Amino acid sequence: MSDELVEAIAEMRDEEAIDLARQLLDSGTSPLVVLEDCRKAMAIVGQRFEDEEYFIPELILAGETLRAISEIVKPLMTGSDDTAKNGTIVLGTVQGDIHDIGKDIVSFMLDVNGFEVFDLGVDVPPETFVAKVREVQPEIVALSGFLTLSFDAMKETVEALQKAGLRDDVKIMIGGGTVDDNVREYAHADAFGSTATDAVNLAKNWTGVGAR
Amino acid sequence: MTTNITASLAPQADAGKSPEQLLAERSARFEDASALRKPDRIPIFMPVSFFLADWGGVSHQQLLEDHDKRQQLLERAALHFQPDSILGVFNDPRAALALGDRMTKWPGHGLPETGSFQFAEHEFMTGDDYDAFLKDPADWSIRTYLPRAFSQLEGLALLPPLAMAAFGTYNLLNLGVLRTPPVAAALKALAAAAEEQAAADAWVAESGQRLAALGFPPPPLVGSLIEAPFDFMSDTLRGMRGVMTDILRRPAQLLEAEDRVLEIQLEHAISFARTTGLPYAFIPLHRGSDGFMSIAQFERFYWPQLRQMQLRLIENQITPVVFYEGVWNKRLDYVAELPAGKSIGWFQASDIFKVKEVAGKTLCIMGGMRNSLLQAGTVEEIRETTREVCQRVGEGGGFIMCTGIGEMEGCKPELVEAWVRATHEFGSG
């Protein structure tokens, strides 16, 4: 492993990090090792975000650095990257709402905390959530929404999971915009969160990974 | 037309008063609150927006596009709920549609007719565009930005540099470009959009007059619309992802661009106020909330420019009405530094009691009722919250009761009634 690469990513020296990754690969370092360094760096970034040392600028820049390095690494990959995951989460912004900022941050934080996240994107109809839950059998469903309109869409999504007989198999968290405990009750979700860290803690609690 | 003062929600104290008298009293309540004085009772402002559609049984698209229906519902809601001021949907999709606006989505146009208006962020300005933007923002905006952001304005990219206009008669040699099909189409789309916007503006003016005739003044935010310089760079230009990485990758360019858009917007707001006589500048904030950036970043990239904007508006006798979106609990000390009694702060989800404690002697506080409570709460919860907010935040004046956001879509009519009634009850005396 390369401490230099981990540090360059975690300290927001994006161009240096990408150069370093390229040099490591050129000098024969395994792509898997480079990816593992990226994962370590992302865990540091995620931790600093939880500690409120880093904020959205750092999360986004680290995400872009990771994407750039992944693009260099991917063509060189021969085996599969089958790191064990803490749990599976189906995530999306509910129908009628196209806001993605909060959802993307939650997605990032769940990912760096070892969860396998299936991000369905924005304006996701209830039936799409149902189909994905049936397919990947997650422990958790996470619904995002910024508009007040999304309260009803969250409720409808929970109802659709209920009707499909899947509600009892999953824990459901909601978040975004003006979501609070009134909305949680209204939508019949299990919990709500105001921040990405809330989402991580809920997911850890529900999957028994142990929250901080 | 006379005011139906027998409506059940009208406070007893308003019985028998003429619309003129009600208009004067309600206006005075907002003026008193804005100046941190204590009005005779706490004014309540209802930004109903798409609530009107559900309440009146029309689609969102119809509410936006049928001005007569919209006005009819607005007047009916004003008379029924008896707030001190009401605001319906304030925008109209037609100019945006005529220009092929790529950053907005409207009910019935790309969204179901029951959908809500949405802003779709794009990175219309790339990081590499900073140099051109800083060199000549006007030229870059017209020849590079508009063709990217509006599908019907793509032809503007063919224009020669705008400052060639200074070449006087010799520049007439370049006029032929205006007749080429892409440029001609863009100019035609602009003319059509201008017609649509003029019609929408005329309706807004007429709507205000008709509500005033019924005794309802405009809310204390009708004026120019501007943004914190950081948000200006974020919302319509770089997008949030772009601008957030600019903080780390190109801080000097971002700061210089913020200075430019600060001056451009101040010039606009000051001239707007002088031309229209409207004394407010509405500044909805987006990225200043707790959680987006660190305090150090906020102190460098967000607050100094926003503070400067407010100070300069105040110097020019304009009242900044700032919508503090999200949560500002960790940033209230900055807000409290503003000149006392010169601005209004509309708080979405900040701890409203803490706002009163920290900034209550600085600005008039607007807000206090969470939208989720009006949608999913009970009458008892509404009464209790309203009582506490009126007593604690309304204490000594400087408070306008309002929902957390300027959209009451989804609120239950019976809960809205309970809220207005409780505000009248607990906001008096």
# chains A, B, ... in the order shown; residues from 1 in each chain; ligands from 1
>>> closest_atom_pairs(of="chain A", to="chain B", cutoff="6 Å", atoms="only C-alpha atoms", output="JSON lines")
{"residue": "A:Phe55", "atom": "CA", "partner": "B:Met293", "partner_atom": "CA", "distance": 5.1}
{"residue": "A:Ile56", "atom": "CA", "partner": "B:Phe292", "partner_atom": "CA", "distance": 5.4}
{"residue": "A:Pro57", "atom": "CA", "partner": "B:Met244", "partner_atom": "CA", "distance": 4.5}
{"residue": "A:Leu61", "atom": "CA", "partner": "B:Thr245", "partner_atom": "CA", "distance": 5.8}
{"residue": "A:Asn182", "atom": "CA", "partner": "B:Ala376", "partner_atom": "CA", "distance": 5.8}
{"residue": "A:Tyr186", "atom": "CA", "partner": "B:Ala376", "partner_atom": "CA", "distance": 5.9}
>>> residues_around(residues="segment 13-28 of chain B", least_positions_apart="5", cutoff="6 Å", atoms="only C-alpha atoms", output="list in words")
Asp84, Leu214, Gly215, Phe216 and Pro217 of chain B
>>> write_last_selection(atoms="all heavy atoms", output="PDB file, in the first residue's frame")
ATOM      1  N   ASP B  84     -52.933  37.994   7.343  1.00  0.00           N
ATOM      2  CA  ASP B  84     -52.668  39.414   7.103  1.00  0.00           C
ATOM      3  C   ASP B  84     -52.132  39.646   5.702  1.00  0.00           C
ATOM      4  O   ASP B  84     -52.241  40.746   5.167  1.00  0.00           O
ATOM      5  CB  ASP B  84     -51.693  39.940   8.158  1.00  0.00           C
ATOM      6  CG  ASP B  84     -52.355  39.990   9.518  1.00  0.00           C
ATOM      7  OD1 ASP B  84     -53.173  40.895   9.735  1.00  0.00           O
ATOM      8  OD2 ASP B  84     -52.108  39.085  10.341  1.00  0.00           O
ATOM      9  N   LEU B 214     -59.453  44.183  -1.314  1.00  0.00           N
ATOM     10  CA  LEU B 214     -60.158  43.329  -0.347  1.00  0.00           C
ATOM     11  C   LEU B 214     -59.593  43.492   1.072  1.00  0.00           C
ATOM     12  O   LEU B 214     -60.058  42.855   2.006  1.00  0.00           O
ATOM     13  CB  LEU B 214     -60.042  41.859  -0.765  1.00  0.00           C
ATOM     14  CG  LEU B 214     -60.745  41.455  -2.058  1.00  0.00           C
ATOM     15  CD1 LEU B 214     -60.414  40.010  -2.404  1.00  0.00           C
ATOM     16  CD2 LEU B 214     -62.251  41.638  -1.935  1.00  0.00           C
ATOM     17  N   GLY B 215     -58.529  44.277   1.174  1.00  0.00           N
ATOM     18  CA  GLY B 215     -57.975  44.534   2.503  1.00  0.00           C
ATOM     19  C   GLY B 215     -56.686  43.789   2.810  1.00  0.00           C
ATOM     20  O   GLY B 215     -56.244  43.759   3.957  1.00  0.00           O
ATOM     21  N   PHE B 216     -56.069  43.176   1.771  1.00  0.00           N
ATOM     22  CA  PHE B 216     -54.862  42.380   2.026  1.00  0.00           C
ATOM     23  C   PHE B 216     -53.637  43.009   1.345  1.00  0.00           C
ATOM     24  O   PHE B 216     -53.572  43.071   0.119  1.00  0.00           O
ATOM     25  CB  PHE B 216     -55.054  40.947   1.516  1.00  0.00           C
ATOM     26  CG  PHE B 216     -56.172  40.227   2.219  1.00  0.00           C
ATOM     27  CD1 PHE B 216     -57.461  40.219   1.676  1.00  0.00           C
ATOM     28  CD2 PHE B 216     -55.954  39.591   3.427  1.00  0.00           C
ATOM     29  CE1 PHE B 216     -58.503  39.577   2.326  1.00  0.00           C
ATOM     30  CE2 PHE B 216     -56.992  38.942   4.084  1.00  0.00           C
ATOM     31  CZ  PHE B 216     -58.270  38.935   3.534  1.00  0.00           C
ATOM     32  N   PRO B 217     -52.643  43.449   2.125  1.00  0.00           N
ATOM     33  CA  PRO B 217     -51.436  44.040   1.540  1.00  0.00           C
ATOM     34  C   PRO B 217     -50.512  42.953   0.977  1.00  0.00           C
ATOM     35  O   PRO B 217     -50.651  41.780   1.342  1.00  0.00           O
ATOM     36  CB  PRO B 217     -50.774  44.724   2.733  1.00  0.00           C
ATOM     37  CG  PRO B 217     -51.203  43.923   3.919  1.00  0.00           C
ATOM     38  CD  PRO B 217     -52.586  43.402   3.603  1.00  0.00           C
TER      39      PRO B 217
END
>>> residues_around(residues="segment 110-119 of chain A", least_positions_apart="6", cutoff="10 Å", atoms="only C-alpha atoms", output="PyMOL selection string")
chain A and resi 39-47+83-93+103-104+132-133+136+138+140-142+196-197+199-201+203-204+207+209
>>> atom_distance(atom1="atom CA of Gln95 of chain A", atom2="atom CA of Glu159 of chain A")
13.5 Å
>>> select_by_dssp(residues="segment 190-419 of chain B", states="strand (DSSP E)", output="PyMOL selection string")
chain B and resi 223-225+280-284+319-324+344-347+364-369+399-403
>>> write_last_selection(atoms="N, CA and C atoms", output="PDB file, in the first residue's frame")
ATOM      1  N   GLY B 223     -40.324  42.561  -4.281  1.00  0.00           N
ATOM      2  CA  GLY B 223     -39.321  43.515  -4.749  1.00  0.00           C
ATOM      3  C   GLY B 223     -38.402  42.794  -5.716  1.00  0.00           C
ATOM      4  N   SER B 224     -37.120  43.183  -5.727  1.00  0.00           N
ATOM      5  CA  SER B 224     -36.198  42.498  -6.630  1.00  0.00           C
ATOM      6  C   SER B 224     -35.832  41.130  -6.050  1.00  0.00           C
ATOM      7  N   LEU B 225     -35.410  40.238  -6.914  1.00  0.00           N
ATOM      8  CA  LEU B 225     -34.935  38.916  -6.497  1.00  0.00           C
ATOM      9  C   LEU B 225     -33.445  38.847  -6.804  1.00  0.00           C
ATOM     10  N   TYR B 280     -38.169  46.323  -1.035  1.00  0.00           N
ATOM     11  CA  TYR B 280     -37.547  45.075  -0.579  1.00  0.00           C
ATOM     12  C   TYR B 280     -36.654  44.443  -1.657  1.00  0.00           C
ATOM     13  N   ALA B 281     -35.669  43.692  -1.181  1.00  0.00           N
ATOM     14  CA  ALA B 281     -34.906  42.794  -2.057  1.00  0.00           C
ATOM     15  C   ALA B 281     -34.995  41.415  -1.406  1.00  0.00           C
ATOM     16  N   PHE B 282     -35.546  40.464  -2.126  1.00  0.00           N
ATOM     17  CA  PHE B 282     -35.708  39.116  -1.584  1.00  0.00           C
ATOM     18  C   PHE B 282     -34.479  38.288  -1.940  1.00  0.00           C
ATOM     19  N   ILE B 283     -33.869  37.694  -0.921  1.00  0.00           N
ATOM     20  CA  ILE B 283     -32.610  36.952  -1.111  1.00  0.00           C
ATOM     21  C   ILE B 283     -32.774  35.533  -0.559  1.00  0.00           C
ATOM     22  N   PRO B 284     -33.233  34.593  -1.368  1.00  0.00           N
ATOM     23  CA  PRO B 284     -33.348  33.221  -0.871  1.00  0.00           C
ATOM     24  C   PRO B 284     -31.973  32.561  -0.859  1.00  0.00           C
ATOM     25  N   THR B 319     -34.827  47.115   2.129  1.00  0.00           N
ATOM     26  CA  THR B 319     -34.848  46.128   3.212  1.00  0.00           C
ATOM     27  C   THR B 319     -34.535  44.747   2.648  1.00  0.00           C
ATOM     28  N   PRO B 320     -33.425  44.134   3.043  1.00  0.00           N
ATOM     29  CA  PRO B 320     -33.159  42.765   2.607  1.00  0.00           C
ATOM     30  C   PRO B 320     -34.121  41.802   3.320  1.00  0.00           C
ATOM     31  N   VAL B 321     -34.779  40.956   2.559  1.00  0.00           N
ATOM     32  CA  VAL B 321     -35.618  39.908   3.137  1.00  0.00           C
ATOM     33  C   VAL B 321     -34.924  38.597   2.787  1.00  0.00           C
ATOM     34  N   VAL B 322     -34.289  38.025   3.783  1.00  0.00           N
ATOM     35  CA  VAL B 322     -33.386  36.906   3.531  1.00  0.00           C
ATOM     36  C   VAL B 322     -34.047  35.599   3.973  1.00  0.00           C
ATOM     37  N   PHE B 323     -34.184  34.674   3.045  1.00  0.00           N
ATOM     38  CA  PHE B 323     -34.719  33.358   3.394  1.00  0.00           C
ATOM     39  C   PHE B 323     -33.546  32.469   3.803  1.00  0.00           C
ATOM     40  N   TYR B 324     -33.436  32.224   5.100  1.00  0.00           N
ATOM     41  CA  TYR B 324     -32.340  31.398   5.613  1.00  0.00           C
ATOM     42  C   TYR B 324     -32.750  29.938   5.489  1.00  0.00           C
ATOM     43  N   ILE B 344     -35.220  41.544   7.320  1.00  0.00           N
ATOM     44  CA  ILE B 344     -36.146  40.495   7.742  1.00  0.00           C
ATOM     45  C   ILE B 344     -35.475  39.153   7.453  1.00  0.00           C
ATOM     46  N   GLY B 345     -35.564  38.250   8.394  1.00  0.00           N
ATOM     47  CA  GLY B 345     -34.996  36.911   8.192  1.00  0.00           C
ATOM     48  C   GLY B 345     -36.100  35.870   8.269  1.00  0.00           C
ATOM     49  N   TRP B 346     -36.241  35.122   7.197  1.00  0.00           N
ATOM     50  CA  TRP B 346     -37.266  34.065   7.131  1.00  0.00           C
ATOM     51  C   TRP B 346     -36.528  32.745   7.359  1.00  0.00           C
ATOM     52  N   PHE B 347     -36.866  32.068   8.436  1.00  0.00           N
ATOM     53  CA  PHE B 347     -36.108  30.880   8.827  1.00  0.00           C
ATOM     54  C   PHE B 347     -36.885  29.615   8.557  1.00  0.00           C
ATOM     55  N   CYS B 364     -36.100  41.251  12.058  1.00  0.00           N
ATOM     56  CA  CYS B 364     -37.472  40.773  12.186  1.00  0.00           C
ATOM     57  C   CYS B 364     -37.481  39.304  11.765  1.00  0.00           C
ATOM     58  N   ILE B 365     -38.038  38.456  12.610  1.00  0.00           N
ATOM     59  CA  ILE B 365     -38.032  37.017  12.354  1.00  0.00           C
ATOM     60  C   ILE B 365     -39.339  36.599  11.691  1.00  0.00           C
ATOM     61  N   MET B 366     -39.204  35.850  10.609  1.00  0.00           N
ATOM     62  CA  MET B 366     -40.381  35.330   9.927  1.00  0.00           C
ATOM     63  C   MET B 366     -40.273  33.806   9.937  1.00  0.00           C
ATOM     64  N   GLY B 367     -41.390  33.128  10.147  1.00  0.00           N
ATOM     65  CA  GLY B 367     -41.390  31.665  10.169  1.00  0.00           C
ATOM     66  C   GLY B 367     -42.149  31.168  11.384  1.00  0.00           C
ATOM     67  N   GLY B 368     -41.730  30.035  11.922  1.00  0.00           N
ATOM     68  CA  GLY B 368     -42.312  29.546  13.174  1.00  0.00           C
ATOM     69  C   GLY B 368     -43.198  28.327  13.040  1.00  0.00           C
ATOM     70  N   MET B 369     -43.760  28.091  11.838  1.00  0.00           N
ATOM     71  CA  MET B 369     -44.633  26.921  11.683  1.00  0.00           C
ATOM     72  C   MET B 369     -44.024  25.949  10.670  1.00  0.00           C
ATOM     73  N   PHE B 399     -41.774  40.013  14.914  1.00  0.00           N
ATOM     74  CA  PHE B 399     -42.028  38.640  14.456  1.00  0.00           C
ATOM     75  C   PHE B 399     -43.218  38.587  13.495  1.00  0.00           C
ATOM     76  N   ILE B 400     -43.042  37.843  12.419  1.00  0.00           N
ATOM     77  CA  ILE B 400     -44.121  37.584  11.458  1.00  0.00           C
ATOM     78  C   ILE B 400     -44.332  36.078  11.403  1.00  0.00           C
ATOM     79  N   MET B 401     -45.534  35.629  11.735  1.00  0.00           N
ATOM     80  CA  MET B 401     -45.837  34.196  11.673  1.00  0.00           C
ATOM     81  C   MET B 401     -45.947  33.765  10.214  1.00  0.00           C
ATOM     82  N   CYS B 402     -45.322  32.628   9.921  1.00  0.00           N
ATOM     83  CA  CYS B 402     -45.308  32.148   8.534  1.00  0.00           C
ATOM     84  C   CYS B 402     -44.883  30.686   8.549  1.00  0.00           C
ATOM     85  N   THR B 403     -45.108  29.986   7.449  1.00  0.00           N
ATOM     86  CA  THR B 403     -44.607  28.618   7.349  1.00  0.00           C
ATOM     87  C   THR B 403     -43.086  28.645   7.149  1.00  0.00           C
TER      88      THR B 403
END
>>> atom_distance(atom1="atom CA of Val130 of chain A", atom2="atom CA of Phe108 of chain A")
22.5 Å
>>> atom_distance(atom1="atom CA of Gly108 of chain B", atom2="atom CA of Asp92 of chain B")
12.5 Å
>>> closest_residue(among="B:Ile264, B:Met103, B:Leu63, B:Ala193", to="Glu123 of chain B", atoms="only C-alpha atoms")
B:Met103
>>> closest_residue(among="B:Arg76, B:Arg210, B:Arg250, B:Arg41", to="Tyr130 of chain B", atoms="only C-alpha atoms")
B:Arg250
>>> residues_around(residues="His122 of chain B", least_positions_apart="5", cutoff="9 Å", atoms="only C-alpha atoms", output="VMD selection string")
chain B and resid 102 to 103 149 235 to 240
>>> decode(residues="segment 130-144 of chain A", atoms="all heavy atoms", output="PDB file, in the first residue's frame")
ATOM      1  N   VAL A 130     -40.117  -1.358  -5.347  1.00  0.00           N
ATOM      2  CA  VAL A 130     -40.590  -2.713  -5.063  1.00  0.00           C
ATOM      3  C   VAL A 130     -39.784  -3.736  -5.862  1.00  0.00           C
ATOM      4  O   VAL A 130     -39.297  -4.738  -5.314  1.00  0.00           O
ATOM      5  CB  VAL A 130     -42.107  -2.835  -5.376  1.00  0.00           C
ATOM      6  CG1 VAL A 130     -42.538  -4.297  -5.349  1.00  0.00           C
ATOM      7  CG2 VAL A 130     -42.914  -2.014  -4.380  1.00  0.00           C
ATOM      8  N   ALA A 131     -39.609  -3.466  -7.145  1.00  0.00           N
ATOM      9  CA  ALA A 131     -38.894  -4.421  -8.010  1.00  0.00           C
ATOM     10  C   ALA A 131     -37.451  -4.610  -7.539  1.00  0.00           C
ATOM     11  O   ALA A 131     -36.938  -5.736  -7.493  1.00  0.00           O
ATOM     12  CB  ALA A 131     -38.924  -3.933  -9.456  1.00  0.00           C
ATOM     13  N   LYS A 132     -36.801  -3.497  -7.168  1.00  0.00           N
ATOM     14  CA  LYS A 132     -35.397  -3.599  -6.759  1.00  0.00           C
ATOM     15  C   LYS A 132     -35.281  -4.331  -5.413  1.00  0.00           C
ATOM     16  O   LYS A 132     -34.368  -5.133  -5.212  1.00  0.00           O
ATOM     17  CB  LYS A 132     -34.776  -2.193  -6.647  1.00  0.00           C
ATOM     18  CG  LYS A 132     -33.263  -2.214  -6.647  1.00  0.00           C
ATOM     19  CD  LYS A 132     -32.747  -2.608  -8.030  1.00  0.00           C
ATOM     20  CE  LYS A 132     -31.255  -2.829  -8.055  1.00  0.00           C
ATOM     21  NZ  LYS A 132     -30.805  -3.296  -9.387  1.00  0.00           N
ATOM     22  N   VAL A 133     -36.214  -4.055  -4.518  1.00  0.00           N
ATOM     23  CA  VAL A 133     -36.181  -4.721  -3.210  1.00  0.00           C
ATOM     24  C   VAL A 133     -36.372  -6.227  -3.401  1.00  0.00           C
ATOM     25  O   VAL A 133     -35.688  -7.047  -2.781  1.00  0.00           O
ATOM     26  CB  VAL A 133     -37.264  -4.138  -2.268  1.00  0.00           C
ATOM     27  CG1 VAL A 133     -37.451  -5.006  -1.031  1.00  0.00           C
ATOM     28  CG2 VAL A 133     -36.882  -2.716  -1.862  1.00  0.00           C
ATOM     29  N   ARG A 134     -37.284  -6.571  -4.308  1.00  0.00           N
ATOM     30  CA  ARG A 134     -37.524  -7.993  -4.572  1.00  0.00           C
ATOM     31  C   ARG A 134     -36.255  -8.631  -5.152  1.00  0.00           C
ATOM     32  O   ARG A 134     -35.872  -9.735  -4.782  1.00  0.00           O
ATOM     33  CB  ARG A 134     -38.694  -8.132  -5.560  1.00  0.00           C
ATOM     34  CG  ARG A 134     -39.238  -9.537  -5.650  1.00  0.00           C
ATOM     35  CD  ARG A 134     -40.568  -9.562  -6.379  1.00  0.00           C
ATOM     36  NE  ARG A 134     -41.696  -9.257  -5.514  1.00  0.00           N
ATOM     37  CZ  ARG A 134     -42.753  -8.526  -5.878  1.00  0.00           C
ATOM     38  NH1 ARG A 134     -42.807  -7.990  -7.081  1.00  0.00           N
ATOM     39  NH2 ARG A 134     -43.742  -8.329  -5.035  1.00  0.00           N
ATOM     40  N   GLU A 135     -35.566  -7.891  -6.008  1.00  0.00           N
ATOM     41  CA  GLU A 135     -34.387  -8.425  -6.693  1.00  0.00           C
ATOM     42  C   GLU A 135     -33.181  -8.591  -5.760  1.00  0.00           C
ATOM     43  O   GLU A 135     -32.558  -9.652  -5.732  1.00  0.00           O
ATOM     44  CB  GLU A 135     -34.011  -7.496  -7.858  1.00  0.00           C
ATOM     45  CG  GLU A 135     -32.794  -7.943  -8.648  1.00  0.00           C
ATOM     46  CD  GLU A 135     -32.212  -6.810  -9.492  1.00  0.00           C
ATOM     47  OE1 GLU A 135     -32.961  -5.892  -9.882  1.00  0.00           O
ATOM     48  OE2 GLU A 135     -30.986  -6.841  -9.729  1.00  0.00           O
ATOM     49  N   VAL A 136     -32.848  -7.545  -4.987  1.00  0.00           N
ATOM     50  CA  VAL A 136     -31.587  -7.606  -4.236  1.00  0.00           C
ATOM     51  C   VAL A 136     -31.781  -7.901  -2.750  1.00  0.00           C
ATOM     52  O   VAL A 136     -30.805  -8.072  -2.027  1.00  0.00           O
ATOM     53  CB  VAL A 136     -30.746  -6.311  -4.411  1.00  0.00           C
ATOM     54  CG1 VAL A 136     -30.491  -6.050  -5.888  1.00  0.00           C
ATOM     55  CG2 VAL A 136     -31.427  -5.107  -3.771  1.00  0.00           C
ATOM     56  N   GLN A 137     -33.033  -7.951  -2.302  1.00  0.00           N
ATOM     57  CA  GLN A 137     -33.361  -8.261  -0.912  1.00  0.00           C
ATOM     58  C   GLN A 137     -32.480  -7.519   0.090  1.00  0.00           C
ATOM     59  O   GLN A 137     -31.699  -8.135   0.836  1.00  0.00           O
ATOM     60  CB  GLN A 137     -33.268  -9.773  -0.694  1.00  0.00           C
ATOM     61  CG  GLN A 137     -34.241 -10.488  -1.597  1.00  0.00           C
ATOM     62  CD  GLN A 137     -34.157 -12.000  -1.493  1.00  0.00           C
ATOM     63  OE1 GLN A 137     -33.345 -12.546  -0.748  1.00  0.00           O
ATOM     64  NE2 GLN A 137     -35.002 -12.678  -2.226  1.00  0.00           N
ATOM     65  N   PRO A 138     -32.609  -6.202   0.114  1.00  0.00           N
ATOM     66  CA  PRO A 138     -31.774  -5.406   1.025  1.00  0.00           C
ATOM     67  C   PRO A 138     -32.287  -5.496   2.458  1.00  0.00           C
ATOM     68  O   PRO A 138     -33.430  -5.898   2.687  1.00  0.00           O
ATOM     69  CB  PRO A 138     -31.977  -3.984   0.500  1.00  0.00           C
ATOM     70  CG  PRO A 138     -33.388  -4.000  -0.010  1.00  0.00           C
ATOM     71  CD  PRO A 138     -33.607  -5.382  -0.570  1.00  0.00           C
ATOM     72  N   GLU A 139     -31.437  -5.112   3.395  1.00  0.00           N
ATOM     73  CA  GLU A 139     -31.895  -4.986   4.778  1.00  0.00           C
ATOM     74  C   GLU A 139     -32.630  -3.659   4.970  1.00  0.00           C
ATOM     75  O   GLU A 139     -33.468  -3.518   5.844  1.00  0.00           O
ATOM     76  CB  GLU A 139     -30.705  -5.006   5.752  1.00  0.00           C
ATOM     77  CG  GLU A 139     -30.069  -6.369   5.953  1.00  0.00           C
ATOM     78  CD  GLU A 139     -28.965  -6.636   4.935  1.00  0.00           C
ATOM     79  OE1 GLU A 139     -28.754  -5.804   4.018  1.00  0.00           O
ATOM     80  OE2 GLU A 139     -28.308  -7.687   5.056  1.00  0.00           O
ATOM     81  N   ILE A 140     -32.231  -2.679   4.134  1.00  0.00           N
ATOM     82  CA  ILE A 140     -32.700  -1.312   4.363  1.00  0.00           C
ATOM     83  C   ILE A 140     -33.149  -0.646   3.066  1.00  0.00           C
ATOM     84  O   ILE A 140     -32.531  -0.836   2.006  1.00  0.00           O
ATOM     85  CB  ILE A 140     -31.559  -0.460   4.985  1.00  0.00           C
ATOM     86  CG1 ILE A 140     -31.202  -1.013   6.379  1.00  0.00           C
ATOM     87  CG2 ILE A 140     -31.941   1.018   5.086  1.00  0.00           C
ATOM     88  CD1 ILE A 140     -29.893  -0.504   6.924  1.00  0.00           C
ATOM     89  N   VAL A 141     -34.225   0.152   3.171  1.00  0.00           N
ATOM     90  CA  VAL A 141     -34.639   1.011   2.067  1.00  0.00           C
ATOM     91  C   VAL A 141     -34.536   2.456   2.564  1.00  0.00           C
ATOM     92  O   VAL A 141     -35.011   2.769   3.658  1.00  0.00           O
ATOM     93  CB  VAL A 141     -36.080   0.697   1.621  1.00  0.00           C
ATOM     94  CG1 VAL A 141     -36.539   1.681   0.544  1.00  0.00           C
ATOM     95  CG2 VAL A 141     -36.174  -0.734   1.094  1.00  0.00           C
ATOM     96  N   ALA A 142     -33.901   3.305   1.769  1.00  0.00           N
ATOM     97  CA  ALA A 142     -33.717   4.704   2.165  1.00  0.00           C
ATOM     98  C   ALA A 142     -34.391   5.605   1.139  1.00  0.00           C
ATOM     99  O   ALA A 142     -34.053   5.567  -0.044  1.00  0.00           O
ATOM    100  CB  ALA A 142     -32.226   5.027   2.276  1.00  0.00           C
ATOM    101  N   LEU A 143     -35.368   6.407   1.603  1.00  0.00           N
ATOM    102  CA  LEU A 143     -36.135   7.268   0.710  1.00  0.00           C
ATOM    103  C   LEU A 143     -35.767   8.727   0.950  1.00  0.00           C
ATOM    104  O   LEU A 143     -35.803   9.200   2.079  1.00  0.00           O
ATOM    105  CB  LEU A 143     -37.638   7.080   0.955  1.00  0.00           C
ATOM    106  CG  LEU A 143     -38.167   5.649   0.902  1.00  0.00           C
ATOM    107  CD1 LEU A 143     -39.667   5.639   1.227  1.00  0.00           C
ATOM    108  CD2 LEU A 143     -37.919   5.033  -0.465  1.00  0.00           C
ATOM    109  N   SER A 144     -35.448   9.420  -0.131  1.00  0.00           N
ATOM    110  CA  SER A 144     -35.055  10.815  -0.031  1.00  0.00           C
ATOM    111  C   SER A 144     -36.085  11.696  -0.722  1.00  0.00           C
ATOM    112  O   SER A 144     -36.737  11.275  -1.676  1.00  0.00           O
ATOM    113  CB  SER A 144     -33.683  10.991  -0.691  1.00  0.00           C
ATOM    114  OG  SER A 144     -33.315  12.354  -0.713  1.00  0.00           O
TER     115      SER A 144
END
